[in-house]
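Undergrad: If it helps, the file is called my_file29.cif and holds mmCIF, C-alpha atoms:
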data_protein
#
loop_
_atom_site.label_atom_id
_atom_site.label_comp_id
_atom_site.auth_asym_id
_atom_site.auth_seq_id
_atom_site.Cartn_x
_atom_site.Cartn_y
_atom_site.Cartn_z
CA MET N 1 0.00 0.00 0.00
CA LYS N 2 1.34 3.43 -1.01
CA ILE N 3 0.32 6.72 0.57
CA LEU N 4 1.20 10.23 -0.60
CA HIS N 5 1.34 12.97 2.06
CA THR N 6 1.10 16.63 1.02
CA SER N 7 -0.15 19.88 2.56
CA ASP N 8 -0.21 23.67 2.43
CA TRP N 9 -1.10 24.20 -1.20
CA HIS N 10 -2.51 27.69 -0.47
CA ILE N 11 -4.30 27.78 -3.82
CA GLY N 12 -5.02 31.41 -4.71
CA ARG N 13 -2.06 32.92 -2.88
CA THR N 14 -0.44 35.91 -4.57
CA LEU N 15 3.13 37.22 -4.42
CA TYR N 16 3.22 41.00 -4.02
CA GLY N 17 -0.01 41.22 -5.99
CA LYS N 18 1.02 38.75 -8.72
CA LYS N 19 -1.48 35.94 -9.28
CA ARG N 20 0.05 32.45 -9.37
CA TYR N 21 -2.68 30.24 -10.84
CA GLU N 22 -0.36 28.81 -13.50
CA GLU N 23 1.97 27.52 -10.77
CA PHE N 24 -0.86 25.91 -8.82
CA GLU N 25 -2.25 24.33 -11.98
CA ALA N 26 1.18 22.97 -12.95
CA PHE N 27 1.71 21.51 -9.46
CA LEU N 28 -1.69 19.81 -9.36
CA GLN N 29 -1.13 18.36 -12.83
CA TRP N 30 2.29 17.08 -11.70
CA LEU N 31 0.67 15.57 -8.60
CA VAL N 32 -1.87 13.64 -10.68
CA GLU N 33 0.95 12.31 -12.88
CA THR N 34 2.99 11.36 -9.80
CA ILE N 35 0.04 9.51 -8.27
CA GLN N 36 -0.30 7.53 -11.48
CA MET N 37 3.43 6.90 -11.91
CA GLN N 38 4.02 5.85 -8.28
CA LYS N 39 0.78 3.81 -8.15
CA VAL N 40 -0.43 5.69 -5.07
CA ASP N 41 -3.39 4.15 -3.24
CA ILE N 42 -4.19 6.90 -0.71
CA LEU N 43 -3.66 10.68 -0.87
CA LEU N 44 -3.52 12.73 2.35
CA VAL N 45 -3.93 16.52 2.13
CA CYS N 46 -3.09 18.01 5.54
CA GLY N 47 -4.75 21.40 5.46
CA ASP N 48 -4.45 24.89 3.96
CA VAL N 49 -5.87 23.74 0.65
CA PHE N 50 -6.74 27.37 -0.09
CA ASP N 51 -5.02 30.56 1.02
CA THR N 52 -8.24 32.21 2.22
CA GLY N 53 -11.63 31.17 3.53
CA ASN N 54 -13.30 32.63 0.42
CA PRO N 55 -11.26 31.33 -2.52
CA SER N 56 -11.80 32.73 -5.99
CA ASN N 57 -13.73 30.82 -8.64
CA ARG N 58 -10.45 30.06 -10.42
CA ALA N 59 -8.95 28.59 -7.23
CA GLN N 60 -12.05 26.44 -6.67
CA GLU N 61 -12.00 25.25 -10.26
CA LEU N 62 -8.39 24.07 -9.90
CA TYR N 63 -9.23 22.16 -6.69
CA TYR N 64 -12.32 20.40 -8.01
CA ARG N 65 -10.77 19.59 -11.38
CA PHE N 66 -7.81 18.03 -9.54
CA LEU N 67 -10.12 15.82 -7.46
CA CYS N 68 -11.93 14.70 -10.62
CA ASP N 69 -8.60 13.90 -12.29
CA VAL N 70 -7.43 11.88 -9.27
CA ALA N 71 -10.69 9.91 -9.37
CA ASN N 72 -9.61 8.61 -12.78
CA THR N 73 -6.28 7.29 -11.46
CA CYS N 74 -5.30 4.26 -9.40
CA CYS N 75 -5.76 6.26 -6.18
CA ARG N 76 -8.57 4.66 -4.15
CA HIS N 77 -8.96 7.24 -1.38
CA VAL N 78 -8.36 10.98 -0.95
CA ILE N 79 -8.52 12.44 2.58
CA VAL N 80 -8.61 16.24 2.99
CA ILE N 81 -8.55 18.12 6.30
CA ALA N 82 -8.95 21.86 6.87
CA GLY N 83 -6.05 24.07 7.91
CA ASN N 84 -6.13 27.41 9.66
CA HIS N 85 -6.35 29.29 6.32
CA ASP N 86 -9.36 27.24 5.17
CA SER N 87 -13.03 27.86 5.85
CA PRO N 88 -14.22 24.61 7.51
CA SER N 89 -17.80 25.04 6.30
CA PHE N 90 -16.65 25.86 2.76
CA LEU N 91 -14.60 22.65 2.54
CA ASP N 92 -17.41 20.63 4.12
CA ALA N 93 -20.21 21.93 1.87
CA PRO N 94 -19.65 19.50 -1.07
CA LYS N 95 -18.45 16.55 1.06
CA ALA N 96 -21.46 14.32 0.24
CA LEU N 97 -20.91 14.89 -3.47
CA LEU N 98 -17.14 14.38 -3.20
CA ARG N 99 -17.70 11.09 -1.42
CA THR N 100 -18.89 9.66 -4.75
CA LEU N 101 -15.33 10.35 -6.02
CA HIS N 102 -13.90 8.54 -2.95
CA VAL N 103 -12.85 11.88 -1.46
CA GLN N 104 -13.48 12.31 2.26
CA VAL N 105 -13.31 15.83 3.70
CA ILE N 106 -13.07 16.79 7.37
CA GLY N 107 -13.37 20.57 7.52
CA SER N 108 -15.10 21.28 10.82
CA THR N 109 -14.37 19.40 14.03
CA PRO N 110 -17.22 16.85 14.30
CA LEU N 111 -19.27 16.58 17.49
CA LYS N 112 -18.61 12.83 17.47
CA LYS N 113 -14.94 11.87 17.47
CA GLU N 114 -15.82 8.67 15.58
CA GLU N 115 -16.37 10.78 12.45
CA GLU N 116 -12.66 11.65 12.39
CA VAL N 117 -11.68 7.96 12.34
CA LEU N 118 -11.80 6.72 8.76
CA VAL N 119 -11.48 3.00 8.09
CA LEU N 120 -10.23 2.54 4.53
CA TYR N 121 -10.90 -0.65 2.60
CA ASN N 122 -9.33 -2.31 -0.40
CA ARG N 123 -12.20 -4.44 -1.60
CA GLU N 124 -13.29 -6.27 1.57
CA GLU N 125 -10.02 -5.88 3.49
CA ILE N 126 -9.16 -3.02 5.85
CA GLU N 127 -5.91 -1.46 4.59
CA ALA N 128 -5.50 1.56 6.87
CA ILE N 129 -7.15 3.57 9.64
CA ILE N 130 -6.86 7.34 9.31
CA CYS N 131 -7.31 9.73 12.23
CA ALA N 132 -8.29 12.77 10.14
CA VAL N 133 -8.01 15.59 12.68
CA PRO N 134 -8.50 19.04 11.11
CA TYR N 135 -7.05 22.26 12.46
CA LEU N 136 -8.47 22.50 15.98
CA HIS N 137 -9.75 25.99 16.70
CA ASP N 138 -9.52 27.38 20.20
CA LYS N 139 -13.28 26.93 20.71
CA ASP N 140 -13.05 23.25 19.70
CA ILE N 141 -10.70 22.25 22.51
CA ARG N 142 -10.96 24.86 25.27
CA THR N 143 -13.73 26.40 27.36
CA ALA N 144 -12.99 30.03 28.23
CA GLU N 145 -13.27 31.12 31.84
CA ALA N 146 -13.42 34.63 33.27
CA GLY N 147 -10.19 35.87 34.80
CA GLU N 148 -7.87 33.24 33.34
CA THR N 149 -4.38 34.29 32.29
CA ILE N 150 -2.71 33.70 28.93
CA ASP N 151 -0.65 30.93 30.55
CA ASP N 152 -3.87 29.29 31.81
CA LYS N 153 -5.33 29.46 28.29
CA ASN N 154 -2.18 27.96 26.76
CA ALA N 155 -2.12 25.09 29.25
CA LYS N 156 -5.79 24.35 28.53
CA LEU N 157 -5.18 24.43 24.78
CA VAL N 158 -2.35 21.91 25.00
CA GLU N 159 -4.37 19.69 27.33
CA GLY N 160 -7.42 19.92 25.05
CA LEU N 161 -5.40 19.05 21.97
CA LYS N 162 -3.76 16.11 23.74
CA LYS N 163 -7.13 14.82 24.94
CA HIS N 164 -8.58 15.13 21.44
CA TYR N 165 -5.82 13.03 19.86
CA GLU N 166 -5.99 10.48 22.69
CA GLU N 167 -9.74 10.00 22.20
CA VAL N 168 -9.53 9.76 18.42
CA CYS N 169 -6.57 7.35 18.53
CA SER N 170 -8.31 5.23 21.17
CA ILE N 171 -11.22 4.74 18.76
CA ALA N 172 -8.74 3.84 16.00
CA GLU N 173 -7.04 1.27 18.24
CA GLN N 174 -10.38 -0.33 19.02
CA LYS N 175 -11.11 -0.64 15.31
CA ARG N 176 -7.82 -2.41 14.54
CA ARG N 177 -7.89 -4.65 17.64
CA GLY N 178 -6.29 -7.98 16.84
CA ARG N 179 -4.80 -6.63 13.58
CA PRO N 180 -1.41 -5.03 14.40
CA ASP N 181 -0.53 -5.18 10.69
CA ILE N 182 -3.08 -2.42 9.93
CA PRO N 183 -1.40 1.02 10.19
CA ILE N 184 -2.91 3.91 12.14
CA ILE N 185 -2.08 7.18 10.40
CA ALA N 186 -2.92 10.47 12.12
CA MET N 187 -3.31 13.76 10.29
CA GLY N 188 -2.97 17.20 11.83
CA HIS N 189 -2.50 20.88 11.13
CA LEU N 190 -0.51 22.47 13.94
CA PHE N 191 2.83 23.90 15.05
CA THR N 192 5.10 21.47 16.91
CA ALA N 193 7.83 22.65 19.26
CA GLY N 194 11.13 23.16 17.46
CA GLY N 195 9.48 23.50 14.06
CA LYS N 196 11.39 25.54 11.45
CA THR N 197 10.01 28.52 9.55
CA VAL N 198 11.54 31.20 7.33
CA GLU N 199 10.90 34.92 6.99
CA GLY N 200 8.01 35.82 4.72
CA ASP N 201 6.52 32.31 4.44
CA GLY N 202 3.12 33.45 5.72
CA VAL N 203 2.96 30.82 8.49
CA ARG N 204 0.65 32.25 11.14
CA GLU N 205 0.87 31.58 14.85
CA LEU N 206 -2.07 29.29 15.56
CA TYR N 207 -2.68 30.22 19.16
CA VAL N 208 -1.58 33.08 21.41
CA GLY N 209 1.82 32.36 22.97
CA SER N 210 4.75 30.09 22.15
CA LEU N 211 3.69 27.54 24.78
CA THR N 212 1.18 26.26 22.27
CA HIS N 213 3.89 24.92 20.01
CA ILE N 214 2.95 21.31 20.59
CA GLU N 215 5.40 18.84 22.12
CA LEU N 216 5.71 15.43 20.49
CA ASP N 217 4.49 13.56 23.58
CA VAL N 218 1.00 14.96 22.93
CA PHE N 219 0.55 12.31 20.22
CA PRO N 220 -0.25 8.72 21.28
CA SER N 221 2.40 6.08 20.63
CA CYS N 222 -0.06 3.93 18.65
CA ILE N 223 0.33 6.30 15.67
CA ASP N 224 2.40 4.56 12.99
CA TYR N 225 2.78 7.74 10.91
CA LEU N 226 1.91 11.34 11.78
CA ALA N 227 1.16 13.40 8.66
CA LEU N 228 1.37 17.09 9.50
CA GLY N 229 0.63 20.37 7.77
CA HIS N 230 1.12 24.06 8.62
CA LEU N 231 4.90 24.52 8.42
CA HIS N 232 6.17 25.19 4.90
CA ILE N 233 9.62 23.62 5.27
CA GLN N 234 9.64 19.83 4.86
CA GLN N 235 10.93 18.46 8.17
CA TYR N 236 10.78 15.59 10.61
CA VAL N 237 9.57 16.22 14.15
CA GLY N 238 12.02 15.36 16.91
CA ASN N 239 14.21 13.51 14.37
CA GLN N 240 11.54 10.82 14.08
CA MET N 241 11.03 9.83 10.45
CA ASN N 242 7.42 8.77 11.04
CA ARG N 243 6.44 12.23 12.39
CA CYS N 244 6.64 14.56 9.43
CA TYR N 245 5.68 17.87 7.83
CA SER N 246 5.55 17.54 4.06
CA GLY N 247 5.94 21.32 3.67
CA SER N 248 4.37 23.50 1.00
CA PRO N 249 4.89 22.30 -2.60
CA ILE N 250 5.30 25.86 -3.92
CA PRO N 251 7.50 28.55 -2.31
CA MET N 252 5.18 30.99 -0.57
CA GLY N 253 7.69 33.84 -0.60
CA PHE N 254 11.24 34.77 -1.55
CA GLY N 255 12.47 33.43 1.79
CA GLU N 256 11.65 29.94 0.47
CA ALA N 257 13.22 30.55 -2.95
CA ASN N 258 16.16 28.20 -2.45
CA GLN N 259 14.25 25.39 -0.75
CA GLU N 260 13.72 22.09 -2.47
CA LYS N 261 10.00 21.38 -2.17
CA ARG N 262 8.77 17.84 -1.52
CA VAL N 263 5.86 15.48 -1.02
CA MET N 264 6.20 12.34 1.08
CA LEU N 265 5.66 8.86 -0.37
CA LEU N 266 5.01 6.11 2.19
CA GLU N 267 5.00 2.41 1.45
CA PHE N 268 3.56 0.18 4.14
CA ASN N 269 4.44 -3.44 4.69
CA ASP N 270 2.35 -4.31 7.72
CA ALA N 271 2.22 -1.20 9.95
CA LYS N 272 5.76 0.09 9.36
CA PRO N 273 6.32 2.69 6.64
CA THR N 274 9.23 3.06 4.27
CA ILE N 275 9.47 6.80 3.63
CA LEU N 276 10.65 8.40 0.39
CA GLU N 277 10.94 12.14 -0.25
CA LEU N 278 9.77 13.10 -3.76
CA SER N 279 11.10 16.41 -5.08
CA VAL N 280 8.52 18.78 -6.57
CA PRO N 281 9.66 20.59 -9.74
CA CYS N 282 10.11 24.37 -9.60
CA PHE N 283 7.28 25.86 -11.66
CA GLN N 284 8.31 29.51 -11.25
CA GLN N 285 11.84 30.53 -10.29
CA LEU N 286 12.09 33.08 -7.48
CA VAL N 287 15.38 34.92 -6.96
CA ARG N 288 16.37 37.27 -4.15
CA ILE N 289 19.33 39.58 -4.90
CA VAL N 290 20.99 41.58 -2.12
CA GLY N 291 23.96 43.89 -2.54
CA PRO N 292 25.31 47.13 -4.05
CA LEU N 293 24.35 48.13 -7.59
CA GLU N 294 27.34 46.38 -9.20
CA THR N 295 26.43 43.06 -7.55
CA ILE N 296 22.77 43.42 -8.51
CA GLN N 297 23.56 44.20 -12.16
CA ALA N 298 26.08 41.35 -12.39
CA LYS N 299 23.49 38.89 -11.08
CA LEU N 300 20.85 40.24 -13.48
CA ASN N 301 23.27 39.84 -16.41
CA ALA N 302 24.02 36.26 -15.38
CA LEU N 303 20.32 35.45 -15.16
CA GLN N 304 19.70 37.00 -18.59
CA GLU N 305 22.44 34.85 -20.10
CA GLU N 306 20.60 31.82 -18.70
CA HIS N 307 17.37 33.12 -20.35
CA SER N 308 15.80 33.06 -16.89
CA GLN N 309 12.12 33.91 -16.45
CA ALA N 310 12.52 34.46 -12.71
CA TRP N 311 10.53 36.75 -10.48
CA LEU N 312 12.90 38.97 -8.54
CA GLU N 313 13.14 40.56 -5.12
CA ILE N 314 15.97 43.09 -5.03
CA GLU N 315 17.42 44.71 -1.93
CA TYR N 316 19.87 47.51 -2.58
CA SER N 317 22.43 47.69 0.25
CA GLY N 318 24.98 50.04 -1.32
CA LYS N 319 26.14 53.26 0.35
CA ASP N 320 25.40 55.61 -2.56
CA LEU N 321 22.03 57.30 -2.87
CA ILE N 322 20.28 56.07 -6.06
CA PRO N 323 16.78 57.62 -6.13
CA ASN N 324 16.06 56.28 -9.64
CA LEU N 325 17.00 52.67 -8.82
CA ARG N 326 13.69 51.29 -10.12
CA GLU N 327 14.17 53.01 -13.50
CA LEU N 328 17.76 51.76 -13.83
CA LEU N 329 16.78 48.17 -13.08
CA ASP N 330 13.72 48.28 -15.36
CA GLU N 331 15.93 49.52 -18.22
CA SER N 332 18.39 46.67 -17.71
CA LEU N 333 15.52 44.17 -18.04
CA LEU N 334 13.84 45.69 -21.11
CA ASP N 335 14.56 42.66 -23.32
CA SER N 336 14.08 40.12 -20.55
CA THR N 337 11.13 37.98 -19.47
CA MET N 338 12.12 38.38 -15.82
CA GLU N 339 9.90 40.45 -13.55
CA ILE N 340 10.87 42.55 -10.54
CA ARG N 341 8.24 41.91 -7.90
CA ARG N 342 9.79 44.03 -5.16
CA ILE N 343 12.64 46.50 -4.61
CA LYS N 344 13.96 47.60 -1.23
CA ASN N 345 15.99 50.81 -1.41
CA LYS N 346 16.44 51.97 2.15
CA GLN N 347 19.19 54.44 1.29
CA VAL N 348 16.67 56.92 -0.12
CA MET N 349 14.72 57.43 3.08
CA ASP N 350 17.79 57.09 5.29
CA ARG N 351 19.58 59.90 3.44
CA VAL N 352 16.56 62.20 3.11
CA LEU N 353 15.74 61.98 6.81
CA ASN N 354 19.40 61.92 7.86
CA ASN N 355 18.97 58.51 9.47
CA LEU N 356 16.27 59.83 11.81
CA SER N 357 13.69 57.48 10.47
CA LYS N 358 13.52 54.07 8.85
CA GLU N 359 11.62 53.53 5.64
CA GLU N 360 8.82 51.07 6.28
CA THR N 361 5.94 49.96 4.14
CA LEU N 362 2.85 48.08 5.25
CA ASP N 363 3.81 44.97 3.30
CA GLU N 364 6.95 44.75 5.47
CA LEU N 365 4.99 44.89 8.73
CA SER N 366 2.92 42.21 10.44
CA GLU N 367 -0.32 43.06 12.24
CA GLN N 368 1.62 42.93 15.52
CA ASP N 369 4.29 45.30 14.17
CA VAL N 370 1.59 47.86 13.32
CA PHE N 371 0.09 47.53 16.80
CA ILE N 372 3.52 48.02 18.41
CA ARG N 373 4.00 51.21 16.32
CA CYS N 374 0.66 52.36 17.76
CA LEU N 375 1.84 51.64 21.31
CA ASP N 376 5.02 53.58 20.56
CA ALA N 377 3.05 56.54 19.21
CA TYR N 378 0.94 56.71 22.37
CA LYS N 379 3.96 56.13 24.64
CA VAL N 380 2.38 53.13 26.36
CA PRO N 381 4.59 52.03 29.31
CA GLU N 382 6.59 48.81 28.82
CA GLU N 383 4.98 47.06 31.80
CA GLU N 384 1.52 47.41 30.21
CA ARG N 385 2.48 46.16 26.76
CA LYS N 386 2.64 42.39 27.26
CA GLU N 387 -1.02 42.04 28.20
CA LEU N 388 -2.15 44.49 25.51
CA ILE N 389 -0.17 42.68 22.79
CA GLU N 390 -1.54 39.28 23.86
CA SER N 391 -5.13 40.60 23.87
CA TYR N 392 -4.62 42.22 20.46
CA THR N 393 -3.13 39.00 19.04
CA GLU N 394 -6.12 37.04 20.32
CA ILE N 395 -8.52 39.44 18.58
CA VAL N 396 -6.59 39.25 15.28
CA GLN N 397 -6.58 35.45 15.37
CA ALA N 398 -10.32 35.37 16.08
CA LEU N 399 -10.89 37.56 13.01
CA GLN N 400 -8.60 35.43 10.83
CA GLU N 401 -10.29 32.21 11.89
CA ASP N 402 -13.85 33.50 11.70
CA ASP N 403 -15.70 31.24 9.25
CA ALA N 404 -17.65 33.76 7.20
CA ASN N 405 -19.28 30.91 5.25
CA ALA N 406 -20.80 29.27 8.35
CA GLU N 407 -24.41 29.85 9.40
#
Spell out the structure here as structure tokens.

TA:
Amino acid sequence: MKILHTSDWHIGRTLYGKKRYEEFEAFLQWLVETIQMQKVDILLVCGDVFDTGNPSNRAQELYYRFLCDVANTCCRHVIVIAGNHDSPSFLDAPKALLRTLHVQVIGSTPLKKEEEVLVLYNREEIEAIICAVPYLHDKDIRTAEAGETIDDKNAKLVEGLKKHYEEVCSIAEQKRRGRPDIPIIAMGHLFTAGGKTVEGDGVRELYVGSLTHIELDVFPSCIDYLALGHLHIQQYVGNQMNRCYSGSPIPMGFGEANQEKRVMLLEFNDAKPTILELSVPCFQQLVRIVGPLETIQAKLNALQEEHSQAWLEIEYSGKDLIPNLRELLDESLLDSTMEIRRIKNKQVMDRVLNNLSKEETLDELSEQDVFIRCLDAYKVPEEERKELIESYTEIVQALQEDDANAE
């Protein structure tokens, strides 16, 4: 039995305003071909299918066409869970229809834990048991109480998440009783302790506070493979090969430009997986160039000689003031198919304001950065900031996770 583990597609995501549908389409087409070539039996999609809770019609069309294409391959089962970027009710809406294509979707957290335990059959034989746990929202695993501190909330979140996995895995163990050769595979969308991220990858904190980076001992030992989503760098958790983030298949920002993207191919003989990393092709080259003007132009010339079609992020770090940097760079790329998506030229503002101020644009600031600038402007004392920042972060997360499609 072969299983393919992937996550964090973020269909519909843009890069500094540039739409990327061609990349998503190319990846999904490659994934269908890979499923066919590798003779994959089960596909696991571990959350963040879409980049927003209200995906565009084009993004939806790519998703549904992909599921139809997979239905015409050797793949017998597709399991999709919601991530923190997804609208649970949006993913759930067509689940009855998708079931006819052998696609099972768990968007919202079901009232009955049994609904997250999927027993998969190959003809009459059970071949795997999947604990399909979607992204667990705060309200799914914790009851708020008046007067509790952030630390109290964090402790309850971790305990609630641990209890949820214990209950779901207990049901799975009951279903495979007497059959240790049947693997239990758990899915999840969360941030484990020690997980790696990079600047600009768009990975949001899931809960308020770093304590809610989940330790590995939260997950029951009966899990033969833990398929995770949320972090965009492919990585193993705690150096355990059977606890894994597949990572995003497409670089979400220039910080991921040099990463090799992967999906995970598992082959089970009895309950023990053999794990193979499959490299995903690069569908759109991203290049970040940092340096003085001479370095930037030399790199651009080298890329032009390679007939590159890269999208570029350029950071000018030279000492000379070049106010017309954008015009100079655009001229050097007149006969090129490369595109400059962003230029950072901090020398302009530094010189004009005599280093009294730093040039900042909103696309460089997170929501928390903006709030801290507000605290600075109103001269809020340092001792009051921690609680204000935590409360603000909680409000922002509630807005981000609000399911506008739910009624």

Undergrad: With only C-alpha atoms as the basis for distance, which of N:Leu4, N:Leu321, N:Val198, N:Leu329 is at the shortest distance from Leu300 (chain N)?

TA: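 Using only C-alpha atoms, the shortest distance to Leu300 (chain N) belongs to N:Leu329.
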
Undergrad: Expand the PyMOL selection byres ((chain N and resi 233) around 12) into the individual residues it matches in the shown file, reporting them as a PyMOL selection string.

TA: chain N and resi 6-8+191+195-199+201-203+228-232+234-237+244-253+255-263

Undergrad: Keeping only C-alpha atoms, write those residues as a short mmCIF file (atom, residue, chain, number, x, y, z; two decimals), in the frame of the given file.

TA:
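File again_7.cif, as written:
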data_model
loop_
_atom_site.label_atom_id
_atom_site.label_comp_id
_atom_site.auth_asym_id
_atom_site.auth_seq_id
_atom_site.Cartn_x
_atom_site.Cartn_y
_atom_site.Cartn_z
CA THR N 6 1.10 16.63 1.02
CA SER N 7 -0.15 19.88 2.56
CA ASP N 8 -0.21 23.67 2.43
CA PHE N 191 2.83 23.90 15.05
CA GLY N 195 9.48 23.50 14.06
CA LYS N 196 11.39 25.54 11.45
CA THR N 197 10.01 28.52 9.55
CA VAL N 198 11.54 31.20 7.33
CA GLU N 199 10.90 34.92 6.99
CA ASP N 201 6.52 32.31 4.44
CA GLY N 202 3.12 33.45 5.72
CA VAL N 203 2.96 30.82 8.49
CA LEU N 228 1.37 17.09 9.50
CA GLY N 229 0.63 20.37 7.77
CA HIS N 230 1.12 24.06 8.62
CA LEU N 231 4.90 24.52 8.42
CA HIS N 232 6.17 25.19 4.90
CA GLN N 234 9.64 19.83 4.86
CA GLN N 235 10.93 18.46 8.17
CA TYR N 236 10.78 15.59 10.61
CA VAL N 237 9.57 16.22 14.15
CA CYS N 244 6.64 14.56 9.43
CA TYR N 245 5.68 17.87 7.83
CA SER N 246 5.55 17.54 4.06
CA GLY N 247 5.94 21.32 3.67
CA SER N 248 4.37 23.50 1.00
CA PRO N 249 4.89 22.30 -2.60
CA ILE N 250 5.30 25.86 -3.92
CA PRO N 251 7.50 28.55 -2.31
CA MET N 252 5.18 30.99 -0.57
CA GLY N 253 7.69 33.84 -0.60
CA GLY N 255 12.47 33.43 1.79
CA GLU N 256 11.65 29.94 0.47
CA ALA N 257 13.22 30.55 -2.95
CA ASN N 258 16.16 28.20 -2.45
CA GLN N 259 14.25 25.39 -0.75
CA GLU N 260 13.72 22.09 -2.47
CA LYS N 261 10.00 21.38 -2.17
CA ARG N 262 8.77 17.84 -1.52
CA VAL N 263 5.86 15.48 -1.02
#

Undergrad: When you count all atoms listed in the file, which of these residues is closest to Thr192 (chain N): N:Glu387, N:Glu215, N:Asp48, N:Asp138?

TA: N:Glu215

Undergrad: Which one of N:His10, N:His5, N:Arg142, N:Arg326 sits closest to Leu157 (chain N) if you count only C-alpha atoms?

TA: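 When distances to Leu157 (chain N) are compared using only C-alpha atoms, the smallest one comes from N:Arg142.
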
Undergrad: Would you translate the PyMOL selection byres ((chain N and resi 50-58) around 6) into the concrete set of residues it matches in this file, as number ranges by chain?

TA: N: 10-13, 48-49, 59-61, 85-87

Undergrad: Out of N:Asn154, N:Thr149, N:Thr109, N:Ser366, which residue has the shortest atom-to-atom distance to Val168 (chain N) when counting only C-alpha atoms?

TA: N:Thr109

Undergrad: For a test of reading the model, state the distance in Å between CA of Asp335 (chain N) and CA of Tyr21 (chain N), rounded to one decimal.

TA: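 That distance, rounded to one decimal, is 24.6 Å.
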
Undergrad: Set up a box along x, y and z of the file covering all listed atoms of region 90-94 of chain N, add 3 Å on every one of the six sides, and write the centre and edge lengths in Å to one decimal, as JSON.

TA:
{"center_x": -17.4, "center_y": 22.7, "center_z": 1.5, "size_x": 11.6, "size_y": 12.4, "size_z": 11.2}

Undergrad: Between N:Leu111, N:Ile289, N:Met37, N:Ala186, single out the one closest to Ile340 (chain N), counting all atoms listed in the file.

TA: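 Counting all atoms listed in the file, the residue closest to Ile340 (chain N) is N:Ile289.
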
Undergrad: Can you work out the spacing between CA of Val133 (chain N) and CA of Glu116 (chain N) in Å, to one decimal?

TA: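 So the two atoms, CA of Val133 (chain N) and CA of Glu116 (chain N), lie 6.1 Å apart.
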
Undergrad: Run the PyMOL selection byres ((chain N and resi 182) around 7) against the file shown and list the residues it catches, as a list in words.

TA: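 Taken over the shown coordinates, the PyMOL selection byres ((chain N and resi 182) around 7) returns Glu127, Ala128, Arg176, Arg179, Pro180, Asp181, Pro183, Ile184, Asp270 and Ala271 of chain N.
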
Undergrad: Rounded to one decimal, what separation in Å do you get between CA of Ile150 (chain N) and CA of Tyr135 (chain N)?

TA: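 Taking CA of Ile150 (chain N) as the start and CA of Tyr135 (chain N) as the end point, the length is 20.5 Å.
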
Undergrad: For region 367-376 of chain N, find every residue with an atom within 10 Å (counting all atoms listed in the file), except residues of its own chain fewer than 4 positions away, and show them as a VMD selection string.

TA: chain N and resid 362 380 to 382 384 to 385 388 to 390 392 to 393 396

Undergrad: Got a sec to check which residues sit within 7 Å of (3.7, 22.3, -9.6), counting all atoms listed in the file, and write them as a ChimeraX atom specification?

TA: /N:23-28,30,250,280-283

Undergrad: Taking (-10.5, 14.7, 20.9) in the coordinates of the supplied file, I want to know which residues reach to within 10 Å of it, counting all atoms listed in the file; could you give the answer as a PDB file with C-alpha atoms, in the frame of the given file?

TA:
ATOM      1  CA  THR N 109     -14.370  19.400  14.030  1.00  0.00           C
ATOM      2  CA  PRO N 110     -17.220  16.850  14.300  1.00  0.00           C
ATOM      3  CA  LEU N 111     -19.270  16.580  17.490  1.00  0.00           C
ATOM      4  CA  LYS N 112     -18.610  12.830  17.470  1.00  0.00           C
ATOM      5  CA  LYS N 113     -14.940  11.870  17.470  1.00  0.00           C
ATOM      6  CA  GLU N 114     -15.820   8.670  15.580  1.00  0.00           C
ATOM      7  CA  GLU N 116     -12.660  11.650  12.390  1.00  0.00           C
ATOM      8  CA  VAL N 133      -8.010  15.590  12.680  1.00  0.00           C
ATOM      9  CA  LEU N 136      -8.470  22.500  15.980  1.00  0.00           C
ATOM     10  CA  ASP N 140     -13.050  23.250  19.700  1.00  0.00           C
ATOM     11  CA  ILE N 141     -10.700  22.250  22.510  1.00  0.00           C
ATOM     12  CA  GLY N 160      -7.420  19.920  25.050  1.00  0.00           C
ATOM     13  CA  LEU N 161      -5.400  19.050  21.970  1.00  0.00           C
ATOM     14  CA  LYS N 162      -3.760  16.110  23.740  1.00  0.00           C
ATOM     15  CA  LYS N 163      -7.130  14.820  24.940  1.00  0.00           C
ATOM     16  CA  HIS N 164      -8.580  15.130  21.440  1.00  0.00           C
ATOM     17  CA  TYR N 165      -5.820  13.030  19.860  1.00  0.00           C
ATOM     18  CA  GLU N 166      -5.990  10.480  22.690  1.00  0.00           C
ATOM     19  CA  GLU N 167      -9.740  10.000  22.200  1.00  0.00           C
ATOM     20  CA  VAL N 168      -9.530   9.760  18.420  1.00  0.00           C
ATOM     21  CA  CYS N 169      -6.570   7.350  18.530  1.00  0.00           C
ATOM     22  CA  SER N 170      -8.310   5.230  21.170  1.00  0.00           C
TER      23      SER N 170
END
